[in-house]
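K.L.:
File protein34.txt follows (compact mmCIF, C-alpha atoms):
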# COMPACT_ATOMS: atom_id res chain seq x y z
CA MET O 179 -146.69 12.81 -76.27
CA VAL O 180 -143.78 11.00 -74.65
CA VAL O 181 -141.66 13.39 -72.58
CA PHE O 182 -138.44 12.10 -71.05
CA PHE O 183 -135.56 13.06 -68.83
CA SER O 184 -132.38 11.01 -69.14
CA GLY O 185 -128.72 11.16 -68.18
CA THR O 186 -127.07 8.01 -69.46
CA GLY O 187 -129.78 6.84 -71.84
CA ASN O 188 -131.87 4.29 -69.93
CA SER O 189 -134.97 6.48 -69.85
CA GLU O 190 -134.38 7.77 -73.37
CA TYR O 191 -134.27 4.21 -74.64
CA CYS O 192 -137.54 3.36 -72.90
CA ALA O 193 -139.17 6.58 -74.07
CA ARG O 194 -138.25 6.06 -77.71
CA TYR O 195 -139.26 2.40 -77.60
CA ILE O 196 -142.66 3.24 -76.10
CA ALA O 197 -143.18 6.08 -78.59
CA SER O 198 -142.48 3.71 -81.49
CA ILE O 199 -145.27 1.39 -80.29
CA VAL O 200 -147.88 4.01 -79.40
CA ASP O 201 -146.94 6.03 -82.51
CA ASP O 202 -146.38 9.32 -80.73
CA GLU O 203 -143.96 12.22 -80.60
CA VAL O 204 -140.91 12.19 -78.30
CA VAL O 205 -139.70 15.29 -76.45
CA ASP O 206 -136.39 15.51 -74.59
CA SER O 207 -136.87 17.75 -71.55
CA ALA O 208 -133.12 18.46 -71.49
CA ARG O 209 -133.38 20.96 -74.32
CA TYR O 210 -135.63 23.09 -72.12
CA ILE O 211 -133.89 22.45 -68.81
CA ARG O 212 -130.44 23.24 -70.16
CA ASN O 213 -131.61 26.53 -71.67
CA LYS O 214 -133.86 27.42 -68.71
CA GLN O 215 -136.91 27.55 -70.98
CA ILE O 216 -140.51 26.87 -70.01
CA ALA O 217 -142.04 24.29 -72.34
CA GLN O 218 -145.36 24.93 -74.08
CA LEU O 219 -146.50 21.42 -74.99
CA GLU O 220 -149.75 20.06 -76.39
CA SER O 221 -150.69 16.42 -76.84
CA GLN O 222 -153.77 14.84 -78.34
CA LYS O 223 -152.71 11.45 -77.01
CA PRO O 224 -152.10 10.60 -73.32
CA TRP O 225 -149.00 12.06 -71.72
CA VAL O 226 -146.22 9.59 -71.02
CA PHE O 227 -143.52 10.88 -68.69
CA VAL O 228 -140.37 8.73 -68.66
CA THR O 229 -137.67 9.39 -66.10
CA PRO O 230 -134.99 7.75 -63.96
CA THR O 231 -135.70 7.04 -60.30
CA TYR O 232 -133.69 9.20 -57.91
CA ALA O 233 -133.77 7.66 -54.44
CA TRP O 234 -137.28 6.30 -55.02
CA GLN O 235 -138.76 9.52 -56.36
CA ILE O 236 -139.08 11.48 -59.60
CA PRO O 237 -135.92 13.60 -59.96
CA LYS O 238 -136.50 17.09 -58.58
CA VAL O 239 -135.27 18.68 -61.80
CA PHE O 240 -137.79 16.77 -63.93
CA LYS O 241 -140.64 17.39 -61.49
CA SER O 242 -139.80 21.10 -61.55
CA PHE O 243 -139.74 21.05 -65.35
CA LEU O 244 -143.21 19.47 -65.48
CA ARG O 245 -144.59 21.87 -62.88
CA GLN O 246 -143.44 24.87 -64.88
CA SER O 247 -144.47 23.51 -68.28
CA SER O 248 -147.76 24.21 -70.02
CA LEU O 249 -149.31 20.80 -70.73
CA THR O 250 -152.49 21.15 -72.77
CA GLY O 251 -154.70 18.78 -74.69
CA ASN O 252 -155.15 15.25 -73.36
CA LYS O 253 -155.61 14.99 -69.60
CA SER O 254 -154.40 11.40 -69.02
CA ALA O 255 -150.86 10.91 -67.70
CA TYR O 256 -148.71 7.78 -67.40
CA PHE O 257 -145.39 7.67 -65.57
CA VAL O 258 -142.64 5.22 -66.51
CA MET O 259 -139.58 5.19 -64.26
CA THR O 260 -136.35 3.35 -64.94
CA CYS O 261 -134.63 2.02 -61.84
CA GLY O 262 -131.89 -0.26 -60.61
CA GLY O 263 -134.27 -2.27 -58.46
CA SER O 264 -137.43 -0.52 -57.30
CA VAL O 265 -139.35 2.75 -57.56
CA GLY O 266 -140.39 2.62 -53.90
CA GLY O 267 -143.30 4.93 -53.21
CA ALA O 268 -142.69 7.23 -56.17
CA ALA O 269 -146.32 6.86 -57.30
CA SER O 270 -147.47 9.15 -54.49
CA GLY O 271 -145.30 11.97 -55.82
CA ALA O 272 -146.53 11.37 -59.38
CA LEU O 273 -150.14 11.45 -58.22
CA GLU O 274 -149.54 14.71 -56.36
CA LEU O 275 -147.98 16.22 -59.48
CA CYS O 276 -150.99 15.19 -61.58
CA LYS O 277 -153.33 16.89 -59.14
CA GLU O 278 -151.28 20.08 -59.38
CA LYS O 279 -151.37 20.00 -63.18
CA GLY O 280 -155.00 18.96 -63.53
CA LEU O 281 -154.08 15.64 -65.10
CA LYS O 282 -155.68 12.24 -64.63
CA PHE O 283 -153.12 9.87 -63.08
CA LYS O 284 -153.09 6.58 -65.02
CA GLY O 285 -150.43 4.96 -62.87
CA LEU O 286 -146.71 4.47 -62.58
CA LYS O 287 -144.63 1.61 -63.94
CA GLY O 288 -141.06 0.80 -62.95
CA ILE O 289 -138.68 -0.68 -65.53
CA VAL O 290 -135.47 -2.27 -64.22
CA MET O 291 -132.46 -1.09 -66.24
CA PRO O 292 -128.68 -1.19 -65.60
CA GLU O 293 -127.39 0.77 -62.61
CA ASN O 294 -125.55 3.96 -63.58
CA LEU O 295 -125.01 5.92 -60.35
CA ILE O 296 -121.36 4.99 -60.05
CA THR O 297 -120.64 7.70 -57.51
CA MET O 298 -122.42 5.37 -55.07
CA PHE O 299 -122.76 1.95 -56.72
CA LYS O 300 -121.16 -0.26 -59.35
CA ALA O 301 -122.41 -0.34 -62.92
CA PRO O 302 -122.65 -3.76 -64.61
CA GLU O 303 -120.08 -4.86 -67.16
CA SER O 304 -121.17 -4.63 -70.79
CA ASP O 305 -122.43 -8.22 -71.13
CA GLU O 306 -124.48 -7.99 -67.94
CA ALA O 307 -125.82 -4.57 -68.92
CA GLU O 308 -126.95 -5.95 -72.27
CA ARG O 309 -128.69 -8.84 -70.51
CA ILE O 310 -130.56 -6.45 -68.21
CA VAL O 311 -131.67 -4.29 -71.13
CA GLN O 312 -132.88 -7.31 -73.10
CA LYS O 313 -134.79 -8.55 -70.06
CA ALA O 314 -136.48 -5.15 -69.85
CA VAL O 315 -137.72 -5.23 -73.45
CA PRO O 316 -140.84 -7.38 -72.82
CA GLU O 317 -141.76 -5.14 -69.88
CA ILE O 318 -141.37 -2.03 -72.02
CA GLU O 319 -143.55 -3.57 -74.72
CA LYS O 320 -146.27 -4.58 -72.25
CA THR O 321 -146.15 -1.11 -70.75
CA ALA O 322 -146.55 0.48 -74.17
CA ASP O 323 -149.47 -1.83 -75.02
CA ILE O 324 -151.30 -0.79 -71.85
CA ILE O 325 -150.79 2.86 -72.76
CA LYS O 326 -151.97 2.24 -76.33
CA GLN O 327 -155.12 0.60 -75.03
CA GLY O 328 -155.77 3.46 -72.64
CA ARG O 329 -155.83 1.21 -69.58
CA ALA O 330 -154.38 2.21 -66.23
CA PHE O 331 -151.22 0.58 -64.89
CA GLU O 332 -151.61 -1.91 -62.09
CA LYS O 333 -151.30 -0.14 -58.75
CA PRO O 334 -147.84 -0.69 -57.23
CA LYS O 335 -147.54 -2.10 -53.74
CA TYR O 336 -147.12 0.70 -51.22
CA ASN O 337 -146.16 -0.04 -47.62
CA PHE O 338 -144.33 1.56 -44.73
CA PHE O 339 -140.96 0.61 -46.22
CA SER O 340 -141.91 2.35 -49.49
CA PHE O 341 -142.82 5.42 -47.45
CA LEU O 342 -139.44 5.38 -45.72
CA GLN O 343 -137.64 5.05 -49.05
CA SER O 344 -139.43 7.83 -50.91
CA GLU O 345 -140.39 10.27 -48.19
CA MET O 346 -137.44 10.03 -45.79
CA THR O 347 -134.45 8.66 -47.71
CA ASN O 348 -134.95 10.93 -50.73
CA PRO O 349 -134.30 14.23 -48.90
CA LEU O 350 -131.21 12.72 -47.29
CA PHE O 351 -129.97 11.58 -50.69
CA TYR O 352 -130.22 15.08 -52.12
CA LYS O 353 -128.58 16.65 -49.11
CA ALA O 354 -125.67 14.23 -48.94
CA ALA O 355 -125.05 13.04 -52.49
CA VAL O 356 -126.43 15.37 -55.17
CA LYS O 357 -123.38 17.57 -55.57
CA ALA O 358 -120.71 18.36 -58.13
CA ASP O 359 -117.92 19.33 -55.76
CA LYS O 360 -115.86 16.17 -56.28
CA PHE O 361 -115.99 15.94 -60.08
CA TYR O 362 -112.69 16.52 -61.83
CA ALA O 363 -110.90 15.64 -65.07
CA THR O 364 -107.69 13.63 -65.00
CA ASP O 365 -104.70 14.12 -67.29
CA GLU O 366 -106.38 11.75 -69.77
CA CYS O 367 -108.81 14.55 -70.66
CA VAL O 368 -108.37 15.74 -74.26
CA GLY O 369 -110.60 18.77 -73.93
CA CYS O 370 -113.25 17.51 -76.38
CA GLY O 371 -116.03 19.25 -74.48
CA LEU O 372 -118.48 16.35 -74.79
CA CYS O 373 -119.14 16.42 -71.05
CA ALA O 374 -120.27 20.04 -71.30
CA GLN O 375 -122.47 19.23 -74.29
CA LYS O 376 -124.13 16.32 -72.50
CA CYS O 377 -124.69 18.05 -69.17
CA VAL O 378 -128.47 18.31 -68.79
CA MET O 379 -128.11 21.17 -66.32
CA GLY O 380 -125.63 23.24 -68.32
CA ASN O 381 -123.41 22.96 -65.25
CA ILE O 382 -120.11 22.39 -67.05
CA THR O 383 -118.00 24.97 -68.84
CA MET O 384 -114.69 24.45 -70.61
CA GLN O 385 -111.89 26.57 -69.18
CA SER O 386 -108.37 26.37 -70.63
CA GLY O 387 -109.35 23.16 -72.39
CA LYS O 388 -110.62 21.43 -69.24
CA PRO O 389 -114.14 21.00 -67.83
CA LYS O 390 -115.15 22.97 -64.77
CA TRP O 391 -118.22 22.04 -62.74
CA ASP O 392 -120.47 24.62 -61.10
CA SER O 393 -122.84 23.78 -58.23
CA ASN O 394 -126.05 23.11 -60.22
CA CYS O 395 -125.68 19.32 -60.53
CA THR O 396 -128.33 16.60 -60.46
CA GLN O 397 -125.93 13.63 -60.53
CA CYS O 398 -127.34 12.34 -63.83
CA MET O 399 -123.93 10.79 -64.65
CA ALA O 400 -123.97 12.00 -68.26
CA CYS O 401 -120.57 13.70 -68.04
CA ILE O 402 -118.79 10.69 -66.57
CA ALA O 403 -120.61 8.16 -68.77
CA TYR O 404 -120.04 9.86 -72.12
CA CYS O 405 -116.39 10.83 -71.63
CA PRO O 406 -114.55 9.03 -74.46
CA LYS O 407 -111.35 8.78 -72.42
CA GLN O 408 -112.91 7.85 -69.06
CA ALA O 409 -111.08 10.91 -67.80
CA ILE O 410 -113.74 12.12 -65.37
CA GLU O 411 -113.77 10.99 -61.75
CA TYR O 412 -115.81 11.83 -58.68
CA GLY O 413 -113.38 11.93 -55.81
CA LYS O 414 -112.17 8.41 -55.09
CA SER O 415 -115.57 6.75 -55.37
CA THR O 416 -115.51 6.20 -59.17
CA LYS O 417 -111.90 5.09 -59.63
CA GLY O 418 -111.64 1.75 -61.41
CA LYS O 419 -115.39 1.50 -61.91
CA THR O 420 -117.08 0.56 -65.18
CA ARG O 421 -118.79 3.46 -66.93
CA TYR O 422 -122.26 2.76 -68.26
CA ARG O 423 -124.55 4.36 -70.78
CA CYS O 424 -127.41 2.77 -72.70
CA LYS O 425 -126.29 2.43 -76.30
CA ALA O 426 -129.31 0.47 -77.50
CA PHE O 427 -131.18 3.53 -78.80
CA GLU O 428 -128.01 4.78 -80.50
CA LYS O 429 -127.89 1.79 -82.86
What's the C-alpha cells form of this structure?
P.N.:
Amino acid sequence: MVVFFSGTGNSEYCARYIASIVDDEVVDSARYIRNKQIAQLESQKPWVFVTPTYAWQIPKVFKSFLRQSSLTGNKSAYFVMTCGGSVGGAASGALELCKEKGLKFKGLKGIVMPENLITMFKAPESDEAERIVQKAVPEIEKTADIIKQGRAFEKPKYNFFSFLQSEMTNPLFYKAAVKADKFYATDECVGCGLCAQKCVMGNITMQSGKPKWDSNCTQCMACIAYCPKQAIEYGKSTKGKTRYRCKAFEK
C-alpha cells in the first residue's frame, strides 16, 4: 500500500506514479488527518510512505498520523521523500518510526521536486518546474522498480552536517516558521472556499465569504497554491512570488 501526505501535489504525484508501477493501492492520509480519524490499514505488499521533507525530516503531522494508525499485514516499509534539494538525515527518524511500529525499514529515497515553500523561498516558474518534474521521472521509476523487486534502497550518506540539519534545524524551523498567523486573503478573494477544502489540517473556515485561519497549520502551502485568484498572502514574504503546485498527476 502506498500512503502519502501532500500539500501542493509533489508527493501525491510520486505516490501515484510509484503505485502505478508496483500495482498497489494509494491512500491519501489527508482524509484521516483532516477528520481527526485513526486509520486502520492493511497491506499485503510492502508499505510505501511518500511525503514532503520538512526541514530535513518527515513532517510531524505525517509522523503522528503513522504512529496513531494501525498498520497490519506486510512488515516491510519504504520511505520516499520529495525535497527541494536534500533529505538530510531524515532516514534516522524513519528508522526510529519503523522500530516503534514493528516494521522492517527498507530505506529512504529522496526525490528532488520543485520548491513550494514560498513563505521562505521562491518557487520555480512553470517551465523550470516542468523541467524539474521531468528530470525526477527516471528517479521515480528506478525507485518503484527497487520496491517492486523487494530490494532495500541504497543507504543515504549521513554525516555531522546531516545531523545538524535534521536534529537541530528542524525544531527551530517548527518554532519559527510553522505558523498560520500571517496568512490573509486580499480583495481579489472571491470566496470560493477552495482553500478551506484543500487544507490538510482543516485549519481554514469561511467566515462572511472570506477564509479565516486558525492556529493548527503545518505550512503545507495548499491554500496559497490552489487559490485560483492568487488572493492569499503570507505577510509580505509571498508578495509577487510564483505559486506552485504539481499538476502532472491532474492530467
K.L.:
Which one of O:Met379, O:Leu219, O:Val368, O:Val228 sits closest to Gly187 (chain O) if you count all atoms listed in the file?
P.N.:
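The shortest atom-to-atom distance to Gly187 (chain O) comes from O:Val228.
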K.L.:
Quick one: distance from CA of Tyr191 (chain O) to CA of Ala272 (chain O) in Å, one decimal?
P.N.:
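These atoms are spaced 20.8 Å apart.
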K.L.:
Between O:Thr260, O:Thr297, O:Thr250, O:Thr396, single out the one closest to Lys414 (chain O), counting all atoms listed in the file.
P.N.:
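Among the listed residues, the smallest separation from Lys414 (chain O) belongs to O:Thr297.
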K.L.:
Calculated over only C-alpha atoms, which of the candidates O:Gln235, O:Ser242, O:Asn252, O:Ser270 has the smallest distance to Met179 (chain O)?
P.N.:
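For Met179 (chain O), the nearest of the candidates is O:Asn252.
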K.L.:
What does the distance from CA of Cys395 (chain O) to CA of Asn188 (chain O) come to in Å, to one decimal?
P.N.:
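One can read the CA of Cys395 (chain O) to CA of Asn188 (chain O) distance as 18.8 Å.
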K.L.:
Extract, using all atoms listed in the file, all DNA, RNA and protein residues at most 10 Å from Met399 (chain O), discarding same-chain residues fewer than 6 positions from it, and format them as a PyMOL selection string.
P.N.:
chain O and resi 184-186+294-297+373+376-378+421-423
K.L.:
Under the rule that only C-alpha atoms are counted, which of O:Ser198, O:Glu428, O:Phe283, O:Ala233 is the nearest residue to Lys353 (chain O)?
P.N.:
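That would be O:Ala233, the residue with the smallest distance to Lys353 (chain O).
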K.L.:
Restricting the calculation to all atoms listed in the file: of O:Gln246, O:Thr364, O:Gln327, O:Gln385, which residue gets closest to Ala409 (chain O)?
P.N.:
O:Thr364
K.L.:
Ranking O:Lys279, O:Arg212, O:Lys326, O:Lys287 by minimum distance to Pro224 (chain O) and counting all atoms listed in the file, which one comes first?
P.N.:
O:Lys326
K.L.:
Rounded to one decimal in Å, what is the spacing between CA of Arg194 (chain O) and CA of Gly328 (chain O)?
P.N.:
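If I compute the distance from CA of Arg194 (chain O) to CA of Gly328 (chain O), I get 18.4 Å.
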K.L.:
Please check which residues have atoms at most 9 Å from (-143.4, 12.7, -67.5) in the file's coordinates, counting all atoms listed in the file, and write them as a compact mmCIF listing (two decimals) with C-alpha atoms, in the frame of the given file.
P.N.:
# COMPACT_ATOMS: atom_id res chain seq x y z
CA VAL O 180 -143.78 11.00 -74.65
CA VAL O 181 -141.66 13.39 -72.58
CA PHE O 182 -138.44 12.10 -71.05
CA PHE O 183 -135.56 13.06 -68.83
CA TRP O 225 -149.00 12.06 -71.72
CA VAL O 226 -146.22 9.59 -71.02
CA PHE O 227 -143.52 10.88 -68.69
CA VAL O 228 -140.37 8.73 -68.66
CA THR O 229 -137.67 9.39 -66.10
CA PHE O 240 -137.79 16.77 -63.93
CA LYS O 241 -140.64 17.39 -61.49
CA LEU O 244 -143.21 19.47 -65.48
CA ALA O 255 -150.86 10.91 -67.70
CA TYR O 256 -148.71 7.78 -67.40
CA PHE O 257 -145.39 7.67 -65.57
CA VAL O 258 -142.64 5.22 -66.51
CA ALA O 272 -146.53 11.37 -59.38
K.L.:
Excluding Pro334 (chain O) and any residue of its chain fewer than 2 positions from it, enumerate the residues within 12 Å of it, using only C-alpha atoms, and give them as a list in words.
P.N.:
Ser264, Val265, Gly266, Gly267, Ala268, Ala269, Ser270, Lys284, Gly285, Leu286, Lys287, Gly288, Ala330, Phe331, Glu332, Tyr336, Asn337 and Ser340 of chain O
K.L.:
Output requested as a PDB file, in the frame of the given file - region 301-322 of chain O, filled out with N, CA and C atoms.
P.N.:
ATOM      1  N   ALA O 301    -121.649  -0.072 -61.703  1.00  0.00           N
ATOM      2  CA  ALA O 301    -122.410  -0.340 -62.920  1.00  0.00           C
ATOM      3  C   ALA O 301    -122.039  -1.727 -63.432  1.00  0.00           C
ATOM      4  N   PRO O 302    -122.964  -2.419 -64.084  1.00  0.00           N
ATOM      5  CA  PRO O 302    -122.650  -3.760 -64.610  1.00  0.00           C
ATOM      6  C   PRO O 302    -121.680  -3.683 -65.782  1.00  0.00           C
ATOM      7  N   GLU O 303    -120.937  -4.765 -65.981  1.00  0.00           N
ATOM      8  CA  GLU O 303    -120.080  -4.860 -67.160  1.00  0.00           C
ATOM      9  C   GLU O 303    -120.972  -4.957 -68.404  1.00  0.00           C
ATOM     10  N   SER O 304    -120.395  -4.752 -69.557  1.00  0.00           N
ATOM     11  CA  SER O 304    -121.170  -4.630 -70.790  1.00  0.00           C
ATOM     12  C   SER O 304    -122.093  -5.818 -71.068  1.00  0.00           C
ATOM     13  N   ASP O 305    -121.611  -7.036 -70.856  1.00  0.00           N
ATOM     14  CA  ASP O 305    -122.430  -8.220 -71.130  1.00  0.00           C
ATOM     15  C   ASP O 305    -123.636  -8.277 -70.195  1.00  0.00           C
ATOM     16  N   GLU O 306    -123.397  -7.973 -68.919  1.00  0.00           N
ATOM     17  CA  GLU O 306    -124.480  -7.990 -67.940  1.00  0.00           C
ATOM     18  C   GLU O 306    -125.464  -6.857 -68.220  1.00  0.00           C
ATOM     19  N   ALA O 307    -124.957  -5.702 -68.598  1.00  0.00           N
ATOM     20  CA  ALA O 307    -125.820  -4.570 -68.920  1.00  0.00           C
ATOM     21  C   ALA O 307    -126.727  -4.903 -70.096  1.00  0.00           C
ATOM     22  N   GLU O 308    -126.162  -5.556 -71.108  1.00  0.00           N
ATOM     23  CA  GLU O 308    -126.950  -5.950 -72.270  1.00  0.00           C
ATOM     24  C   GLU O 308    -128.042  -6.948 -71.879  1.00  0.00           C
ATOM     25  N   ARG O 309    -127.712  -7.851 -70.971  1.00  0.00           N
ATOM     26  CA  ARG O 309    -128.690  -8.840 -70.510  1.00  0.00           C
ATOM     27  C   ARG O 309    -129.847  -8.163 -69.790  1.00  0.00           C
ATOM     28  N   ILE O 310    -129.527  -7.173 -68.961  1.00  0.00           N
ATOM     29  CA  ILE O 310    -130.560  -6.450 -68.210  1.00  0.00           C
ATOM     30  C   ILE O 310    -131.474  -5.686 -69.167  1.00  0.00           C
ATOM     31  N   VAL O 311    -130.877  -5.046 -70.163  1.00  0.00           N
ATOM     32  CA  VAL O 311    -131.670  -4.290 -71.130  1.00  0.00           C
ATOM     33  C   VAL O 311    -132.599  -5.226 -71.911  1.00  0.00           C
ATOM     34  N   GLN O 312    -132.063  -6.361 -72.351  1.00  0.00           N
ATOM     35  CA  GLN O 312    -132.880  -7.310 -73.100  1.00  0.00           C
ATOM     36  C   GLN O 312    -134.015  -7.875 -72.250  1.00  0.00           C
ATOM     37  N   LYS O 313    -133.752  -8.069 -70.974  1.00  0.00           N
ATOM     38  CA  LYS O 313    -134.790  -8.550 -70.060  1.00  0.00           C
ATOM     39  C   LYS O 313    -135.883  -7.507 -69.880  1.00  0.00           C
ATOM     40  N   ALA O 314    -135.510  -6.239 -70.021  1.00  0.00           N
ATOM     41  CA  ALA O 314    -136.480  -5.150 -69.850  1.00  0.00           C
ATOM     42  C   ALA O 314    -137.391  -4.981 -71.055  1.00  0.00           C
ATOM     43  N   VAL O 315    -136.961  -5.444 -72.211  1.00  0.00           N
ATOM     44  CA  VAL O 315    -137.720  -5.230 -73.450  1.00  0.00           C
ATOM     45  C   VAL O 315    -139.172  -5.711 -73.362  1.00  0.00           C
ATOM     46  N   PRO O 316    -139.435  -6.943 -72.913  1.00  0.00           N
ATOM     47  CA  PRO O 316    -140.840  -7.380 -72.820  1.00  0.00           C
ATOM     48  C   PRO O 316    -141.668  -6.498 -71.880  1.00  0.00           C
ATOM     49  N   GLU O 317    -141.046  -6.013 -70.805  1.00  0.00           N
ATOM     50  CA  GLU O 317    -141.760  -5.140 -69.880  1.00  0.00           C
ATOM     51  C   GLU O 317    -142.082  -3.791 -70.521  1.00  0.00           C
ATOM     52  N   ILE O 318    -141.135  -3.291 -71.304  1.00  0.00           N
ATOM     53  CA  ILE O 318    -141.370  -2.030 -72.020  1.00  0.00           C
ATOM     54  C   ILE O 318    -142.508  -2.202 -73.020  1.00  0.00           C
ATOM     55  N   GLU O 319    -142.505  -3.317 -73.723  1.00  0.00           N
ATOM     56  CA  GLU O 319    -143.550  -3.570 -74.720  1.00  0.00           C
ATOM     57  C   GLU O 319    -144.918  -3.722 -74.072  1.00  0.00           C
ATOM     58  N   LYS O 320    -144.995  -4.437 -72.955  1.00  0.00           N
ATOM     59  CA  LYS O 320    -146.270  -4.580 -72.250  1.00  0.00           C
ATOM     60  C   LYS O 320    -146.755  -3.238 -71.727  1.00  0.00           C
ATOM     61  N   THR O 321    -145.812  -2.447 -71.245  1.00  0.00           N
ATOM     62  CA  THR O 321    -146.150  -1.110 -70.750  1.00  0.00           C
ATOM     63  C   THR O 321    -146.724  -0.250 -71.862  1.00  0.00           C
ATOM     64  N   ALA O 322    -146.088  -0.297 -73.026  1.00  0.00           N
ATOM     65  CA  ALA O 322    -146.550   0.480 -74.170  1.00  0.00           C
ATOM     66  C   ALA O 322    -147.928   0.010 -74.643  1.00  0.00           C
TER      67      ALA O 322
END
